[in-house]
$ cat target33.pdb   # PDB, C-alpha atoms
ATOM      1  CA  MET A   1     146.032 206.730 137.501  1.00  0.00           C
ATOM      2  CA  LYS A   2     142.305 206.919 136.695  1.00  0.00           C
ATOM      3  CA  PRO A   3     140.946 204.703 133.876  1.00  0.00           C
ATOM      4  CA  ILE A   4     140.178 207.717 131.677  1.00  0.00           C
ATOM      5  CA  SER A   5     143.773 208.876 132.061  1.00  0.00           C
ATOM      6  CA  ARG A   6     145.021 205.412 131.129  1.00  0.00           C
ATOM      7  CA  VAL A   7     142.892 205.362 127.971  1.00  0.00           C
ATOM      8  CA  MET A   8     144.101 208.800 126.847  1.00  0.00           C
ATOM      9  CA  SER A   9     147.715 207.969 127.725  1.00  0.00           C
ATOM     10  CA  LEU A  10     147.636 204.668 125.822  1.00  0.00           C
ATOM     11  CA  ALA A  11     146.171 206.324 122.739  1.00  0.00           C
ATOM     12  CA  LEU A  12     148.770 209.097 122.921  1.00  0.00           C
ATOM     13  CA  CYS A  13     151.641 206.602 123.197  1.00  0.00           C
ATOM     14  CA  ILE A  14     150.391 204.652 120.164  1.00  0.00           C
ATOM     15  CA  ALA A  15     150.139 207.856 118.141  1.00  0.00           C
ATOM     16  CA  LEU A  16     153.620 209.067 119.051  1.00  0.00           C
ATOM     17  CA  LEU A  17     155.311 205.687 118.594  1.00  0.00           C
ATOM     18  CA  THR A  18     153.895 205.222 115.099  1.00  0.00           C
ATOM     19  CA  ALA A  19     154.428 208.825 114.000  1.00  0.00           C
ATOM     20  CA  PRO A  20     157.917 208.457 112.463  1.00  0.00           C
ATOM     21  CA  VAL A  21     156.731 205.903 109.897  1.00  0.00           C
ATOM     22  CA  LEU A  22     156.807 207.331 106.376  1.00  0.00           C
ATOM     23  CA  ALA A  23     156.605 210.961 107.479  1.00  0.00           C
ATOM     24  CA  ALA A  24     156.635 213.393 104.554  1.00  0.00           C
ATOM     25  CA  ASP A  25     157.008 217.181 104.213  1.00  0.00           C
ATOM     26  CA  GLU A  26     156.518 217.927 107.886  1.00  0.00           C
ATOM     27  CA  SER A  27     156.687 221.699 107.394  1.00  0.00           C
ATOM     28  CA  SER A  28     153.666 222.007 105.058  1.00  0.00           C
ATOM     29  CA  SER A  29     150.214 222.876 106.374  1.00  0.00           C
ATOM     30  CA  GLU A  30     147.430 220.414 105.727  1.00  0.00           C
ATOM     31  CA  PRO A  31     144.660 221.265 103.232  1.00  0.00           C
ATOM     32  CA  LEU A  32     140.992 221.682 104.093  1.00  0.00           C
ATOM     33  CA  SER A  33     139.629 218.342 105.340  1.00  0.00           C
ATOM     34  CA  LEU A  34     136.066 217.274 106.143  1.00  0.00           C
ATOM     35  CA  GLY A  35     135.155 214.131 108.040  1.00  0.00           C
ATOM     36  CA  ILE A  36     132.383 212.036 109.535  1.00  0.00           C
ATOM     37  CA  LEU A  37     132.612 209.856 112.643  1.00  0.00           C
ATOM     38  CA  LEU A  38     130.596 207.607 114.923  1.00  0.00           C
ATOM     39  CA  GLY A  39     131.032 205.229 117.833  1.00  0.00           C
ATOM     40  CA  PRO A  40     130.202 204.574 121.483  1.00  0.00           C
ATOM     41  CA  SER A  41     129.989 207.316 124.111  1.00  0.00           C
ATOM     42  CA  ILE A  42     130.782 206.640 127.752  1.00  0.00           C
ATOM     43  CA  PRO A  43     129.717 208.854 130.685  1.00  0.00           C
ATOM     44  CA  SER A  44     132.668 209.506 132.977  1.00  0.00           C
ATOM     45  CA  ALA A  45     130.909 207.782 135.864  1.00  0.00           C
ATOM     46  CA  SER A  46     130.722 204.557 133.804  1.00  0.00           C
ATOM     47  CA  ILE A  47     134.284 204.416 132.470  1.00  0.00           C
ATOM     48  CA  ASN A  48     135.317 201.989 135.234  1.00  0.00           C
ATOM     49  CA  SER A  49     132.859 199.360 133.944  1.00  0.00           C
ATOM     50  CA  VAL A  50     134.294 199.595 130.413  1.00  0.00           C
ATOM     51  CA  TYR A  51     137.872 199.486 131.700  1.00  0.00           C
ATOM     52  CA  ASP A  52     137.082 196.416 133.846  1.00  0.00           C
ATOM     53  CA  ALA A  53     135.606 194.615 130.827  1.00  0.00           C
ATOM     54  CA  LEU A  54     138.726 195.483 128.804  1.00  0.00           C
ATOM     55  CA  ALA A  55     141.092 194.326 131.565  1.00  0.00           C
ATOM     56  CA  ASN A  56     139.241 191.146 132.544  1.00  0.00           C
ATOM     57  CA  GLU A  57     137.508 190.014 129.340  1.00  0.00           C
ATOM     58  CA  SER A  58     138.240 191.285 125.828  1.00  0.00           C
ATOM     59  CA  ILE A  59     138.181 194.323 123.554  1.00  0.00           C
ATOM     60  CA  SER A  60     134.881 193.169 122.039  1.00  0.00           C
ATOM     61  CA  SER A  61     133.319 192.852 125.512  1.00  0.00           C
ATOM     62  CA  ALA A  62     134.486 196.344 126.428  1.00  0.00           C
ATOM     63  CA  TYR A  63     133.054 197.681 123.151  1.00  0.00           C
ATOM     64  CA  ASP A  64     129.699 195.985 123.872  1.00  0.00           C
ATOM     65  CA  VAL A  65     129.553 197.543 127.342  1.00  0.00           C
ATOM     66  CA  ALA A  66     130.414 200.984 125.948  1.00  0.00           C
ATOM     67  CA  SER A  67     127.880 200.716 123.115  1.00  0.00           C
ATOM     68  CA  ASN A  68     125.073 199.984 125.577  1.00  0.00           C
ATOM     69  CA  LEU A  69     125.876 203.137 127.555  1.00  0.00           C
ATOM     70  CA  GLY A  70     125.648 205.650 124.724  1.00  0.00           C
ATOM     71  CA  TYR A  71     126.498 206.463 121.135  1.00  0.00           C
ATOM     72  CA  HIS A  72     127.425 209.408 118.957  1.00  0.00           C
ATOM     73  CA  ALA A  73     127.759 210.641 115.391  1.00  0.00           C
ATOM     74  CA  GLY A  74     129.314 213.819 114.143  1.00  0.00           C
ATOM     75  CA  ALA A  75     131.118 215.833 111.503  1.00  0.00           C
ATOM     76  CA  LYS A  76     134.490 217.556 111.717  1.00  0.00           C
ATOM     77  CA  VAL A  77     136.542 220.078 109.788  1.00  0.00           C
ATOM     78  CA  ARG A  78     140.274 220.787 109.850  1.00  0.00           C
ATOM     79  CA  PHE A  79     142.588 223.012 107.847  1.00  0.00           C
ATOM     80  CA  GLY A  80     146.175 224.115 108.215  1.00  0.00           C
ATOM     81  CA  LEU A  81     147.139 227.413 109.827  1.00  0.00           C
ATOM     82  CA  THR A  82     150.912 227.237 109.963  1.00  0.00           C
ATOM     83  CA  GLY A  83     153.286 224.293 109.854  1.00  0.00           C
ATOM     84  CA  ALA A  84     151.916 221.452 111.969  1.00  0.00           C
ATOM     85  CA  LEU A  85     149.199 223.609 113.573  1.00  0.00           C
ATOM     86  CA  SER A  86     145.643 223.411 112.208  1.00  0.00           C
ATOM     87  CA  PHE A  87     142.195 224.742 113.013  1.00  0.00           C
ATOM     88  CA  SER A  88     139.913 221.984 114.326  1.00  0.00           C
ATOM     89  CA  GLY A  89     136.140 222.162 114.667  1.00  0.00           C
ATOM     90  CA  GLY A  90     132.972 220.140 114.420  1.00  0.00           C
ATOM     91  CA  VAL A  91     129.485 219.323 115.613  1.00  0.00           C
ATOM     92  CA  GLY A  92     128.142 216.153 117.190  1.00  0.00           C
ATOM     93  CA  PHE A  93     125.040 214.322 118.370  1.00  0.00           C
ATOM     94  CA  ILE A  94     125.392 212.186 121.511  1.00  0.00           C
ATOM     95  CA  GLN A  95     122.695 210.189 123.307  1.00  0.00           C
ATOM     96  CA  PHE A  96     122.709 208.246 126.570  1.00  0.00           C
ATOM     97  CA  PRO A  97     119.518 206.108 126.711  1.00  0.00           C
ATOM     98  CA  GLY A  98     118.098 204.216 129.635  1.00  0.00           C
ATOM     99  CA  GLN A  99     119.136 206.578 132.429  1.00  0.00           C
ATOM    100  CA  ASP A 100     117.067 206.796 135.631  1.00  0.00           C
ATOM    101  CA  ILE A 101     115.563 209.825 137.385  1.00  0.00           C
ATOM    102  CA  THR A 102     113.541 209.569 140.613  1.00  0.00           C
ATOM    103  CA  TYR A 103     111.127 212.392 141.467  1.00  0.00           C
ATOM    104  CA  ASP A 104     110.016 212.650 145.103  1.00  0.00           C
ATOM    105  CA  GLN A 105     108.360 215.927 146.082  1.00  0.00           C
ATOM    106  CA  ASP A 106     104.963 217.290 147.198  1.00  0.00           C
ATOM    107  CA  GLY A 107     103.488 213.814 147.613  1.00  0.00           C
ATOM    108  CA  PHE A 108     104.562 212.587 144.204  1.00  0.00           C
ATOM    109  CA  ASN A 109     107.046 209.750 143.908  1.00  0.00           C
ATOM    110  CA  PHE A 110     107.887 208.078 140.621  1.00  0.00           C
ATOM    111  CA  SER A 111     110.871 206.799 138.677  1.00  0.00           C
ATOM    112  CA  LEU A 112     111.480 207.499 135.020  1.00  0.00           C
ATOM    113  CA  LYS A 113     113.636 206.140 132.255  1.00  0.00           C
ATOM    114  CA  THR A 114     115.144 209.027 130.356  1.00  0.00           C
ATOM    115  CA  VAL A 115     117.279 209.798 127.320  1.00  0.00           C
ATOM    116  CA  THR A 116     119.946 212.482 127.670  1.00  0.00           C
ATOM    117  CA  THR A 117     120.966 214.204 124.455  1.00  0.00           C
ATOM    118  CA  TYR A 118     124.030 216.390 123.957  1.00  0.00           C
ATOM    119  CA  ILE A 119     124.777 218.526 120.907  1.00  0.00           C
ATOM    120  CA  PRO A 120     128.352 219.871 121.166  1.00  0.00           C
ATOM    121  CA  ILE A 121     129.828 222.501 118.842  1.00  0.00           C
ATOM    122  CA  ASN A 122     133.640 222.487 118.947  1.00  0.00           C
ATOM    123  CA  ALA A 123     136.325 224.915 117.798  1.00  0.00           C
ATOM    124  CA  GLY A 124     140.027 224.897 118.607  1.00  0.00           C
ATOM    125  CA  LEU A 125     143.462 223.785 117.472  1.00  0.00           C
ATOM    126  CA  ALA A 126     144.990 220.506 116.334  1.00  0.00           C
ATOM    127  CA  TRP A 127     148.640 219.527 116.150  1.00  0.00           C
ATOM    128  CA  VAL A 128     149.352 217.297 113.146  1.00  0.00           C
ATOM    129  CA  PRO A 129     153.124 216.780 113.177  1.00  0.00           C
ATOM    130  CA  PHE A 130     153.376 214.522 110.105  1.00  0.00           C
ATOM    131  CA  GLN A 131     151.651 214.602 106.720  1.00  0.00           C
ATOM    132  CA  GLY A 132     152.788 211.130 105.635  1.00  0.00           C
ATOM    133  CA  PHE A 133     151.015 207.790 105.317  1.00  0.00           C
ATOM    134  CA  ILE A 134     150.445 207.590 109.096  1.00  0.00           C
ATOM    135  CA  ARG A 135     149.219 210.807 110.708  1.00  0.00           C
ATOM    136  CA  PRO A 136     148.845 211.097 114.482  1.00  0.00           C
ATOM    137  CA  TYR A 137     147.224 214.218 115.870  1.00  0.00           C
ATOM    138  CA  LEU A 138     146.306 215.930 119.119  1.00  0.00           C
ATOM    139  CA  SER A 139     143.571 218.543 119.540  1.00  0.00           C
ATOM    140  CA  ALA A 140     142.282 220.923 122.218  1.00  0.00           C
ATOM    141  CA  GLU A 141     138.981 222.703 121.673  1.00  0.00           C
ATOM    142  CA  ALA A 142     136.455 224.980 123.327  1.00  0.00           C
ATOM    143  CA  VAL A 143     132.961 223.465 123.328  1.00  0.00           C
ATOM    144  CA  TYR A 144     129.438 224.845 123.554  1.00  0.00           C
ATOM    145  CA  THR A 145     127.106 221.983 124.489  1.00  0.00           C
ATOM    146  CA  TYR A 146     123.314 221.935 124.382  1.00  0.00           C
ATOM    147  CA  ARG A 147     121.837 219.344 126.755  1.00  0.00           C
ATOM    148  CA  LYS A 148     118.288 217.985 126.898  1.00  0.00           C
ATOM    149  CA  VAL A 149     116.704 215.255 129.029  1.00  0.00           C
ATOM    150  CA  SER A 150     113.493 213.616 127.792  1.00  0.00           C
ATOM    151  CA  VAL A 151     111.326 210.771 129.069  1.00  0.00           C
ATOM    152  CA  SER A 152     111.705 207.455 127.255  1.00  0.00           C
ATOM    153  CA  GLU A 153     109.574 204.964 129.223  1.00  0.00           C
ATOM    154  CA  ASN A 154     107.067 204.354 132.053  1.00  0.00           C
ATOM    155  CA  GLY A 155     104.093 205.853 130.211  1.00  0.00           C
ATOM    156  CA  PHE A 156     104.635 209.411 131.448  1.00  0.00           C
ATOM    157  CA  SER A 157     104.361 212.178 128.873  1.00  0.00           C
ATOM    158  CA  GLN A 158     106.465 215.297 129.229  1.00  0.00           C
ATOM    159  CA  ASP A 159     103.246 217.384 129.459  1.00  0.00           C
ATOM    160  CA  LEU A 160     102.022 215.298 132.414  1.00  0.00           C
ATOM    161  CA  ILE A 161     105.364 215.617 134.179  1.00  0.00           C
ATOM    162  CA  ASN A 162     105.322 219.372 133.629  1.00  0.00           C
ATOM    163  CA  GLN A 163     101.896 219.550 135.298  1.00  0.00           C
ATOM    164  CA  VAL A 164     103.083 217.519 138.278  1.00  0.00           C
ATOM    165  CA  VAL A 165     106.124 219.698 138.887  1.00  0.00           C
ATOM    166  CA  GLY A 166     104.251 222.995 138.491  1.00  0.00           C
ATOM    167  CA  GLY A 167     104.701 223.741 134.813  1.00  0.00           C
ATOM    168  CA  GLU A 168     108.479 223.386 134.847  1.00  0.00           C
ATOM    169  CA  PRO A 169     110.352 220.627 132.995  1.00  0.00           C
ATOM    170  CA  LEU A 170     111.617 217.824 135.198  1.00  0.00           C
ATOM    171  CA  GLU A 171     115.137 218.804 134.154  1.00  0.00           C
ATOM    172  CA  PRO A 172     115.402 221.991 132.044  1.00  0.00           C
ATOM    173  CA  SER A 173     117.434 222.022 128.849  1.00  0.00           C
ATOM    174  CA  SER A 174     120.691 223.915 129.144  1.00  0.00           C
ATOM    175  CA  GLY A 175     123.665 225.229 127.218  1.00  0.00           C
ATOM    176  CA  ARG A 176     127.129 225.262 128.737  1.00  0.00           C
ATOM    177  CA  LEU A 177     130.689 226.176 127.791  1.00  0.00           C
ATOM    178  CA  GLY A 178     133.371 223.561 128.281  1.00  0.00           C
ATOM    179  CA  ALA A 179     136.429 221.996 126.709  1.00  0.00           C
ATOM    180  CA  ALA A 180     137.511 218.878 124.847  1.00  0.00           C
ATOM    181  CA  ALA A 181     140.814 217.087 124.267  1.00  0.00           C
ATOM    182  CA  ALA A 182     141.426 214.349 121.702  1.00  0.00           C
ATOM    183  CA  VAL A 183     144.125 212.084 120.330  1.00  0.00           C
ATOM    184  CA  GLY A 184     143.748 210.302 117.022  1.00  0.00           C
ATOM    185  CA  LEU A 185     145.489 208.403 114.249  1.00  0.00           C
ATOM    186  CA  GLU A 186     144.797 208.652 110.506  1.00  0.00           C
ATOM    187  CA  LEU A 187     145.911 206.570 107.527  1.00  0.00           C
ATOM    188  CA  ASN A 188     146.450 208.536 104.332  1.00  0.00           C
ATOM    189  CA  LEU A 189     145.047 206.406 101.487  1.00  0.00           C
ATOM    190  CA  GLY A 190     145.120 209.111  98.864  1.00  0.00           C
ATOM    191  CA  GLY A 191     141.791 210.913  98.720  1.00  0.00           C
ATOM    192  CA  LEU A 192     140.407 209.133 101.789  1.00  0.00           C
ATOM    193  CA  ARG A 193     141.789 209.012 105.337  1.00  0.00           C
ATOM    194  CA  PRO A 194     140.186 206.534 107.781  1.00  0.00           C
ATOM    195  CA  PHE A 195     140.903 207.346 111.408  1.00  0.00           C
ATOM    196  CA  VAL A 196     140.345 206.364 115.030  1.00  0.00           C
ATOM    197  CA  GLU A 197     139.985 208.950 117.771  1.00  0.00           C
ATOM    198  CA  VAL A 198     139.539 209.128 121.529  1.00  0.00           C
ATOM    199  CA  LYS A 199     138.050 212.395 122.787  1.00  0.00           C
ATOM    200  CA  ASN A 200     137.063 213.488 126.281  1.00  0.00           C
ATOM    201  CA  THR A 201     134.551 216.342 126.610  1.00  0.00           C
ATOM    202  CA  TRP A 202     133.932 218.339 129.778  1.00  0.00           C
ATOM    203  CA  THR A 203     130.590 219.947 128.965  1.00  0.00           C
ATOM    204  CA  ASN A 204     130.365 222.481 131.806  1.00  0.00           C
ATOM    205  CA  LEU A 205     134.007 223.048 132.666  1.00  0.00           C
ATOM    206  CA  VAL A 206     133.802 226.818 132.043  1.00  0.00           C
ATOM    207  CA  THR A 207     130.202 227.692 132.938  1.00  0.00           C
ATOM    208  CA  LYS A 208     128.376 225.799 135.680  1.00  0.00           C
ATOM    209  CA  GLU A 209     125.544 226.838 137.984  1.00  0.00           C
ATOM    210  CA  ALA A 210     125.809 226.486 141.751  1.00  0.00           C
ATOM    211  CA  GLY A 211     125.220 222.889 142.793  1.00  0.00           C
ATOM    212  CA  GLU A 212     125.374 221.562 139.232  1.00  0.00           C
ATOM    213  CA  PRO A 213     127.428 218.353 138.952  1.00  0.00           C
ATOM    214  CA  ASP A 214     130.386 218.032 136.611  1.00  0.00           C
ATOM    215  CA  ARG A 215     129.271 216.470 133.342  1.00  0.00           C
ATOM    216  CA  SER A 216     131.758 214.812 131.004  1.00  0.00           C
ATOM    217  CA  PHE A 217     131.941 211.866 128.644  1.00  0.00           C
ATOM    218  CA  LEU A 218     134.399 209.951 126.494  1.00  0.00           C
ATOM    219  CA  ASN A 219     133.845 209.322 122.778  1.00  0.00           C
ATOM    220  CA  VAL A 220     135.654 206.476 121.018  1.00  0.00           C
ATOM    221  CA  SER A 221     135.238 207.119 117.281  1.00  0.00           C
ATOM    222  CA  VAL A 222     135.977 205.590 113.927  1.00  0.00           C
ATOM    223  CA  GLY A 223     135.562 207.815 110.918  1.00  0.00           C
ATOM    224  CA  LEU A 224     136.557 208.889 107.455  1.00  0.00           C
ATOM    225  CA  ILE A 225     138.164 212.148 106.298  1.00  0.00           C
ATOM    226  CA  PHE A 226     137.845 213.186 102.682  1.00  0.00           C
TER     227      PHE A 226
END
$ encode --input "target33.pdb" --output "structure tokens"
Amino acid sequence: MKPISRVMSLALCIALLTAPVLAADESSSEPLSLGILLGPSIPSASINSVYDALANESISSAYDVASNLGYHAGAKVRFGLTGALSFSGGVGFIQFPGQDITYDQDGFNFSLKTVTTYIPINAGLAWVPFQGFIRPYLSAEAVYTYRKVSVSENGFSQDLINQVVGGEPLEPSSGRLGAAAAVGLELNLGGLRPFVEVKNTWTNLVTKEAGEPDRSFLNVSVGLIF
């Protein structure tokens, strides 16, 4: 089983095992809920390094490794549709700093440090089986993701790079359709509901140009719903 599958499976098991505790009025739909969240973001290609740190060192070491790879912040909305089924949506801001790009063409050869920014807009469904003190949930969403790569170091301006490569950006900005799946756990403390969530996003699962690599990342979030 791949590390990403292990992470999602572990989170799902925790949610389902704790679900029966203090469940209340399972048939009622949840009210409108707004939330904020933040945490580390991990490119799929780097999940092995985080998993190794978790397996061989400690949770804090794994969190440090993940935090150095990327980070995110976002807002979410959820409201009941029928029974345990709810609408789930949101918007996020994700950055992966310190990535490398090497340009080698037409006599020019240089390496750049870049920052990759993603802005995903999500909409889909969430399953919230219990409205008690402990509330596990699962969600599946369609995602439109805007992606931009900008230069962060090495003294090259974007204008200079554009001149070198013939007026075109080194890596053009793009928008793609994809999907996301998440598992989370909330604590109902009255008017406030702190939560933890693990979400995997496949940014170009639906629309992808020929030769474009698969792009996905894992968000591990803590947040507050109010």
$ resolve_selection --input "target33.pdb" --expression "the PyMOL selection byres ((chain A and resi 35) around 10)" --output "number ranges by chain"
A: 33-34, 36-37, 74-78, 90, 192-195, 223-226
$ closest_residue --input "target33.pdb" --among "A:Leu69, A:Ile121, A:Ala179, A:Ser174" --to "Glu212 (chain A)" --atoms "all atoms listed in the file"
A:Ser174
$ atom_distance --input "target33.pdb" --atom1 "CA of Ser173 (chain A)" --atom2 "CA of Leu125 (chain A)"
28.5 Å
$ resolve_selection --input "target33.pdb" --expression "the PyMOL selection byres ((chain A and resi 177) around 10)" --output "VMD selection string"
chain A and resid 120 to 121 142 to 146 175 to 176 178 to 179 202 to 208
$ atom_distance --input "target33.pdb" --atom1 "CA of Val115 (chain A)" --atom2 "CA of Asp214 (chain A)"
18.1 Å
$ atom_distance --input "target33.pdb" --atom1 "CA of Asn122 (chain A)" --atom2 "CA of Gly92 (chain A)"
8.6 Å
$ closest_residue --input "target33.pdb" --among "A:Gly39, A:Gly83, A:Pro97, A:Gly184" --to "Leu138 (chain A)" --atoms "only C-alpha atoms"
A:Gly184
$ residues_around --input "target33.pdb" --residues "Pro43 (chain A)" --least-positions-apart "5" --cutoff "8 Å" --atoms "all atoms listed in the file" --output "mmCIF file with C-alpha atoms, in the coordinates of the input"
data_model
loop_
_atom_site.group_PDB
_atom_site.id
_atom_site.type_symbol
_atom_site.label_atom_id
_atom_site.label_comp_id
_atom_site.auth_asym_id
_atom_site.auth_seq_id
_atom_site.Cartn_x
_atom_site.Cartn_y
_atom_site.Cartn_z
ATOM 1 C CA LEU A 69 125.876 203.137 127.555
ATOM 2 C CA GLY A 70 125.648 205.650 124.724
ATOM 3 C CA SER A 216 131.758 214.812 131.004
ATOM 4 C CA PHE A 217 131.941 211.866 128.644
ATOM 5 C CA LEU A 218 134.399 209.951 126.494
#
$ closest_residue --input "target33.pdb" --among "A:Leu32, A:Pro172, A:Thr117, A:Val91" --to "Tyr71 (chain A)" --atoms "only C-alpha atoms"
A:Thr117
$ closest_residue --input "target33.pdb" --among "A:Gln95, A:Ser29, A:Thr114, A:Thr201" --to "Pro129 (chain A)" --atoms "only C-alpha atoms"
A:Ser29
$ resolve_selection --input "target33.pdb" --expression "the PyMOL selection byres ((chain A and resi 40) around 7)" --output "list in words"
Gly39, Ser41, Ile42, Ala66, Ser67, Gly70, Tyr71, His72, Asn219 and Val220 of chain A
$ closest_residue --input "target33.pdb" --among "A:Ala180, A:Trp127, A:Tyr137, A:Ser150" --to "Glu197 (chain A)" --atoms "only C-alpha atoms"
A:Tyr137
